[in-house]
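Here's my_file.cif, which has mmCIF, C-alpha atoms:
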```cif
data_upload
#
loop_
_atom_site.label_atom_id
_atom_site.label_comp_id
_atom_site.auth_asym_id
_atom_site.auth_seq_id
_atom_site.Cartn_x
_atom_site.Cartn_y
_atom_site.Cartn_z
CA MET A 1 138.10 118.58 141.85
CA ARG A 2 140.37 120.27 144.37
CA GLY A 3 138.06 123.22 143.74
CA LEU A 4 135.43 121.56 145.93
CA PHE A 5 137.64 122.58 148.86
CA THR A 6 137.08 126.18 147.74
CA ALA A 7 133.35 125.53 147.32
CA GLY A 8 133.13 124.33 150.92
CA ILE A 9 134.80 127.50 152.17
CA LEU A 10 132.59 129.76 150.07
CA ASP A 11 129.41 128.08 151.28
CA VAL A 12 130.36 128.73 154.91
CA LEU A 13 131.12 132.37 154.08
CA MET A 14 127.76 132.77 152.33
CA GLU A 15 125.93 131.12 155.22
CA ASN A 16 127.45 133.77 157.47
CA ASN A 17 126.56 136.69 155.18
CA ILE A 18 130.17 137.65 154.46
CA VAL A 19 130.34 139.87 151.38
CA PHE A 20 133.20 141.19 149.27
CA ASP A 21 133.71 144.13 146.91
CA LYS A 22 135.63 142.13 144.30
CA ALA A 23 136.69 138.56 143.61
CA ALA A 24 138.78 136.74 141.02
CA GLY A 25 138.41 133.06 140.18
CA VAL A 26 140.91 130.94 138.29
CA SER A 27 139.97 127.64 136.63
CA ALA A 28 137.76 125.70 139.10
CA GLY A 29 137.85 128.86 141.21
CA ALA A 30 135.86 130.56 138.46
CA ALA A 31 133.61 127.58 137.73
CA PHE A 32 132.62 127.11 141.38
CA GLY A 33 133.25 130.63 142.67
CA CYS A 34 130.64 132.20 140.41
CA ASN A 35 128.01 130.71 142.74
CA TYR A 36 129.09 133.27 145.34
CA LYS A 37 127.75 136.10 143.21
CA SER A 38 124.54 134.18 142.49
CA HIS A 39 124.13 133.35 146.23
CA GLN A 40 123.65 129.63 145.53
CA ILE A 41 124.83 127.87 148.65
CA GLY A 42 125.52 124.18 148.07
CA ARG A 43 125.12 124.27 144.30
CA ALA A 44 128.71 123.28 143.45
CA ILE A 45 128.81 120.18 145.66
CA ARG A 46 125.25 119.25 144.71
CA TYR A 47 125.76 119.04 140.97
CA ASN A 48 129.21 117.50 141.31
CA VAL A 49 127.75 114.67 143.39
CA ASN A 50 124.60 114.28 141.29
CA TYR A 51 126.42 114.10 137.95
CA ALA A 52 129.76 112.62 138.99
CA SER A 53 129.17 109.42 137.02
CA ASP A 54 127.67 111.04 133.91
CA TRP A 55 130.20 110.71 131.10
CA HIS A 56 128.92 113.92 129.52
CA TYR A 57 130.21 115.83 132.57
CA LYS A 58 133.74 114.49 132.92
CA SER A 59 135.36 111.45 131.32
CA PHE A 60 137.91 110.27 128.79
CA ARG A 61 134.90 109.38 126.66
CA SER A 62 133.96 113.05 126.64
CA LEU A 63 137.53 113.95 125.69
CA ILE A 64 137.40 111.56 122.73
CA PHE A 65 133.96 112.58 121.47
CA THR A 66 133.93 116.31 122.28
CA GLY A 67 137.57 117.32 122.63
CA ASP A 68 137.06 118.30 126.28
CA LEU A 69 137.67 116.14 129.35
CA TYR A 70 134.91 118.18 130.99
CA GLY A 71 132.16 118.32 128.36
CA ALA A 72 131.76 121.98 127.47
CA ASP A 73 128.16 121.85 126.31
CA PHE A 74 127.13 119.81 129.35
CA CYS A 75 129.04 121.90 131.93
CA TYR A 76 128.43 125.40 130.63
CA ARG A 77 125.10 125.12 128.83
CA LYS A 78 123.02 122.12 129.87
CA MET A 79 124.00 122.21 133.55
CA PRO A 80 123.30 125.90 134.29
CA ASP A 81 120.31 126.20 131.97
CA GLU A 82 118.49 122.90 132.57
CA LEU A 83 119.89 120.51 135.18
CA ASP A 84 120.91 122.72 138.11
CA ILE A 85 119.71 126.20 137.21
CA PHE A 86 122.22 129.01 137.64
CA ASP A 87 120.50 132.09 139.12
CA LYS A 88 121.43 134.61 136.45
CA GLU A 89 119.11 137.30 137.79
CA THR A 90 120.71 137.31 141.24
CA PHE A 91 124.17 137.09 139.65
CA LYS A 92 123.43 140.13 137.47
CA ASN A 93 122.05 142.24 140.32
CA ASP A 94 124.60 141.39 143.02
CA PRO A 95 127.19 144.21 143.40
CA LEU A 96 130.19 141.86 143.73
CA GLU A 97 132.65 142.41 140.87
CA PHE A 98 133.67 138.90 139.83
CA TYR A 99 136.57 138.33 137.42
CA ALA A 100 137.36 135.12 135.57
CA VAL A 101 141.06 134.73 134.76
CA ALA A 102 142.02 133.09 131.46
CA THR A 103 145.22 132.88 129.41
CA ASP A 104 145.55 134.31 125.90
CA VAL A 105 147.27 131.50 123.99
CA VAL A 106 148.76 133.91 121.42
CA THR A 107 150.44 136.22 123.91
CA GLY A 108 150.73 133.83 126.85
CA LYS A 109 149.44 136.64 129.10
CA PRO A 110 146.56 136.56 131.58
CA VAL A 111 143.23 138.13 130.72
CA TYR A 112 140.93 139.33 133.51
CA HIS A 113 137.32 139.42 132.39
CA LEU A 114 134.61 141.03 134.50
CA LEU A 115 131.56 138.77 134.45
CA THR A 116 128.32 140.72 134.24
CA ASP A 117 125.13 138.74 133.75
CA GLY A 118 125.82 134.99 133.96
CA GLY A 119 124.74 134.64 130.34
CA PRO A 120 126.29 132.63 127.48
CA GLU A 121 129.35 134.86 127.07
CA ASP A 122 130.09 134.82 130.80
CA MET A 123 129.85 131.02 130.70
CA LEU A 124 132.33 130.99 127.81
CA TRP A 125 134.79 132.99 129.92
CA ILE A 126 134.38 130.57 132.82
CA GLN A 127 134.89 127.68 130.39
CA ALA A 128 138.06 129.33 129.08
CA SER A 129 139.37 129.90 132.59
CA ALA A 130 138.91 126.20 133.39
CA SER A 131 140.09 124.72 130.05
CA MET A 132 143.22 122.77 130.89
CA PRO A 133 145.88 122.29 128.20
CA LEU A 134 145.72 118.92 126.45
CA ALA A 135 142.43 118.13 128.23
CA SER A 136 140.43 120.88 126.50
CA ARG A 137 140.02 122.65 123.22
CA VAL A 138 141.17 126.25 122.89
CA VAL A 139 138.17 128.52 123.55
CA ASP A 140 137.52 131.29 121.03
CA ILE A 141 135.70 134.38 122.33
CA ASN A 142 135.24 137.10 119.74
CA GLY A 143 138.46 136.06 118.03
CA GLN A 144 140.52 135.85 121.22
CA LYS A 145 141.89 132.35 121.81
CA LEU A 146 141.99 131.30 125.45
CA LEU A 147 142.89 128.50 127.86
CA ASP A 148 143.24 127.90 131.61
CA GLY A 149 143.97 131.03 133.63
CA GLY A 150 146.24 129.01 135.89
CA ILE A 151 148.87 128.91 133.14
CA SER A 152 149.59 132.64 133.44
CA ASP A 153 148.17 133.73 136.82
CA SER A 154 147.32 130.92 139.22
CA ILE A 155 147.00 133.19 142.26
CA PRO A 156 145.84 136.67 141.13
CA LEU A 157 146.58 138.46 144.40
CA GLU A 158 148.64 141.18 142.71
CA PHE A 159 145.79 141.78 140.25
CA MET A 160 143.36 142.25 143.13
CA GLU A 161 145.74 144.68 144.82
CA LYS A 162 145.99 146.66 141.59
CA CYS A 163 142.17 146.80 141.62
CA GLY A 164 142.44 148.64 144.92
CA CYS A 165 141.79 145.76 147.31
CA ASN A 166 144.08 146.18 150.32
CA ARG A 167 142.65 143.32 152.40
CA ASN A 168 142.35 140.05 150.52
CA LEU A 169 141.10 136.61 151.40
CA VAL A 170 143.17 134.11 149.41
CA ILE A 171 141.97 130.52 148.95
CA LEU A 172 144.58 127.99 147.82
CA THR A 173 143.91 124.31 147.09
CA GLN A 174 147.42 123.08 147.87
CA PRO A 175 148.97 122.83 151.36
CA ALA A 176 151.67 125.17 152.63
CA ASP A 177 154.55 122.82 151.78
CA TYR A 178 153.49 122.31 148.14
CA THR A 179 156.00 123.13 145.40
CA LYS A 180 154.96 123.05 141.75
CA HIS A 181 157.01 121.09 139.23
CA GLN A 182 156.79 120.84 135.46
CA TYR A 183 153.71 119.30 133.86
CA LYS A 184 153.92 115.52 133.69
CA TYR A 185 152.82 115.59 130.05
CA PHE A 186 154.74 118.73 129.02
CA THR A 187 156.19 117.12 125.88
CA ALA A 188 152.72 116.12 124.69
CA ILE A 189 151.36 119.58 125.49
CA LYS A 190 154.16 121.20 123.48
CA ALA A 191 153.33 119.02 120.51
CA ALA A 192 149.58 119.72 120.73
CA LEU A 193 149.96 123.48 121.16
CA HIS A 194 153.07 124.09 119.03
CA LYS A 195 151.26 126.87 117.12
CA TYR A 196 151.37 129.02 120.25
CA PRO A 197 155.04 129.53 121.25
CA ALA A 198 154.24 132.23 123.84
CA LEU A 199 151.86 129.82 125.55
CA ILE A 200 154.48 127.06 125.50
CA GLN A 201 156.96 129.43 127.13
CA GLY A 202 154.38 130.31 129.77
CA LEU A 203 153.82 126.63 130.47
CA ALA A 204 157.57 126.08 130.75
CA ASP A 205 157.83 128.99 133.18
CA ARG A 206 154.74 128.06 135.17
CA PRO A 207 156.43 126.19 138.05
CA ALA A 208 158.74 129.14 138.76
CA THR A 209 155.90 131.64 138.32
CA TYR A 210 153.55 129.73 140.62
CA ASN A 211 156.19 129.20 143.32
CA ALA A 212 157.04 132.93 143.21
CA GLN A 213 153.34 133.80 143.56
CA LYS A 214 153.05 131.44 146.49
CA ALA A 215 156.00 133.18 148.15
CA TYR A 216 154.39 136.58 147.49
CA VAL A 217 151.17 135.41 149.14
CA LYS A 218 153.18 134.37 152.21
CA VAL A 219 154.78 137.83 152.39
CA ARG A 220 151.37 139.51 152.26
CA GLU A 221 150.04 137.04 154.82
CA ASP A 222 152.90 137.82 157.20
CA GLU A 223 152.34 141.56 156.69
CA GLY A 224 148.68 141.15 157.60
CA SER A 225 147.13 142.33 154.30
CA ALA A 226 146.12 138.84 153.19
CA PHE A 227 144.25 136.10 155.04
CA VAL A 228 145.10 132.74 153.51
CA LEU A 229 143.03 129.57 153.65
CA ARG A 230 144.82 126.44 152.45
CA PRO A 231 144.20 122.74 153.06
CA PRO A 232 146.11 121.25 156.02
CA HIS A 233 147.37 118.44 153.78
CA ALA A 234 147.29 117.36 150.13
CA LEU A 235 143.70 116.78 149.03
CA ASN A 236 144.64 113.77 146.88
CA ILE A 237 141.63 113.73 144.59
CA SER A 238 141.54 112.81 140.92
CA PRO A 239 140.23 115.27 138.30
CA LEU A 240 137.85 112.48 137.24
CA GLU A 241 136.79 111.39 140.74
CA LYS A 242 133.32 109.83 140.69
CA ASP A 243 132.94 108.64 144.29
CA PRO A 244 130.44 110.96 146.05
CA ASP A 245 132.11 110.28 149.40
CA GLU A 246 135.46 111.51 148.06
CA LEU A 247 133.87 114.62 146.60
CA ARG A 248 132.17 115.35 149.92
CA ARG A 249 135.44 114.70 151.79
CA VAL A 250 137.20 117.48 149.90
CA TYR A 251 134.19 119.81 150.16
CA ASN A 252 133.89 119.17 153.91
CA THR A 253 137.61 119.80 154.40
CA GLY A 254 136.95 123.32 153.13
CA ARG A 255 133.85 123.71 155.27
CA GLU A 256 135.65 122.58 158.41
CA LEU A 257 138.58 124.93 157.83
CA ALA A 258 136.34 127.93 157.13
CA SER A 259 134.22 127.20 160.20
CA SER A 260 137.30 126.95 162.42
CA LYS A 261 138.68 130.25 161.07
CA LEU A 262 135.37 132.10 160.80
CA ALA A 263 135.90 134.47 163.75
CA ALA A 264 139.39 135.31 162.54
CA ILE A 265 138.13 135.92 158.98
CA ILE A 266 135.42 138.28 160.21
CA ASP A 267 137.92 140.15 162.39
CA PHE A 268 140.37 140.43 159.46
CA LEU A 269 137.75 141.76 157.04
CA SER A 270 136.28 144.21 159.53
#
```

Written as structure tokens, that's how I'd like the structure from this file.
Amino acid sequence: MRGLFTAGILDVLMENNIVFDKAAGVSAGAAFGCNYKSHQIGRAIRYNVNYASDWHYKSFRSLIFTGDLYGADFCYRKMPDELDIFDKETFKNDPLEFYAVATDVVTGKPVYHLLTDGGPEDMLWIQASASMPLASRVVDINGQKLLDGGISDSIPLEFMEKCGCNRNLVILTQPADYTKHQYKYFTAIKAALHKYPALIQGLADRPATYNAQKAYVKVREDEGSAFVLRPPHALNISPLEKDPDELRRVYNTGRELASSKLAAIIDFLS
């Protein structure tokens, strides 16, 4: 739900007709960020508020009955196809190259998948990118087994630079003083995913990897090749938050920051 901060920023950018050549979304960044390519301002906050209390969307009940804390069929099929229609035609025709980042559980390495048409396979890649260990089933796409992209590449700035992007807008959902520590339930995760030793090693290394990426972002920010938007303080929202006011609080924090930095963002990108 910290991703609603990102959604707030992206809506302000869309409202001001700011376009990009390429983008990469990780976890909620993929699930909410895909609306940028489909030009659907307000969609992420709308469906999160409207369905916050529906157990099919997010709940321990969903975890028990479906194997996913965020119900996969509800989130990636029913929601975009029936409840809050995802504009696949606009997504397909927009020139933005949008990548979803997932983690291959066999190798422990990141996989960067270019989304093309917003169809069922694209939705599977977004699901994989946002499938948290222990809270989600492993996602199988054409024999490749995948989980949350944040395990292997939480902040894919280096990937974007390798794609040829020399001026990057980076959106983080943790404040500047945040330091990542080991997963609270690491022992349980190890037991549940013991068949994938490379993934377990990646999870063990994740705090160091993330903190190094965060330091790299700061270097690029200081050099002037990256513009970084991060919350001014910890967002303090639960992954299962159901209170619409709390959801809007996080979303509006992103909106307010983007609005205050809008002139600087435009100057940076131009």

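Note that the spacing between CA of Asp68 (chain A) and CA of Ser38 (chain A) amounts to 25.9 Å.
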
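Matched in the shown structure by the PyMOL selection byres ((chain A and resi 99) around 7): Ala23, Ala24, Gly25, Glu97, Phe98, Ala100, Val101, Tyr112, His113, Leu114 and Leu115 of chain A.
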
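With only C-alpha atoms as the atoms that count, the residue of A:Asn16, A:Ser154, A:Ser238, A:Thr6 with the shortest distance to Lys214 (chain A) is A:Ser154.
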
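Running the PyMOL selection byres ((chain A and resi 210) around 9) on this file leaves Gly150, Ile151, Ser152, Asp153, Ser154, Ile155, Thr179, Lys180, Asp205, Arg206, Pro207, Ala208, Thr209, Asn211, Ala212, Gln213, Lys214 and Ala215 of chain A selected.
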
**Report entry** Val138 (chain A) environment, 9 Å, all atoms listed in the file, sequence neighbours closer than 3 positions dropped, as a list in words
**Finding:** Val105, Ala128, Ser131, Met132, Pro133, Lys145, Leu146 and Leu147 of chain A

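For the residues A:Arg255, A:Leu240, A:Cys165, A:Thr90, ranking by smallest atom-to-atom distance to His56 (chain A) using all atoms listed in the file places A:Leu240 first.
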
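Around Lys184 (chain A), within 12 Å and counting all atoms listed in the file, the residues found are A:Pro133, A:Leu134, A:Lys180, A:His181, A:Gln182, A:Phe186, A:Thr187, A:Ala188, A:Ile189, A:Lys190, A:Leu203, A:Ala204, A:Pro207, once anything fewer than 2 positions away on its own chain is removed.
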
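Excluding Asn166 (chain A) itself and any same-chain residue fewer than 6 positions from it, the protein and nucleic acid residues within 9 Å of it, counting all atoms listed in the file, are Met160, Ser225 and Ala226 of chain A.
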
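Shortest separation to Ser270 (chain A) among A:Leu124, A:Ala7, A:Val19, A:Ala258 occurs at residue A:Val19, atoms counted being all atoms listed in the file.
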
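Minimum distance to Leu257 (chain A) across A:Leu269, A:Ile85, A:Val12, A:Met1 (counting only C-alpha atoms) occurs at A:Val12.
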
Report summary line: The distance between CA of Leu262 (chain A) and CA of Lys92 (chain A) is 27.4 Å

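Note that CA of Ile126 (chain A) and CA of Val139 (chain A) are 10.2 Å apart.
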
**Report entry** Residue members of the PyMOL selection byres ((chain A and resi 89) around 10) in the file shown, as a PyMOL selection string
**Finding:** chain A and resi 38+86-88+90-94+117-119

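Nearest residue to Arg230 (chain A) among A:Val170, A:Leu247, A:Leu193, A:Leu83 is A:Val170, counting all atoms listed in the file.
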
Query raised in the report: From the list A:Pro110, A:Gly67, A:His233, A:Asn50, which residue is nearest Ala176 (chain A) when using all atoms listed in the file?
Result: A:His233
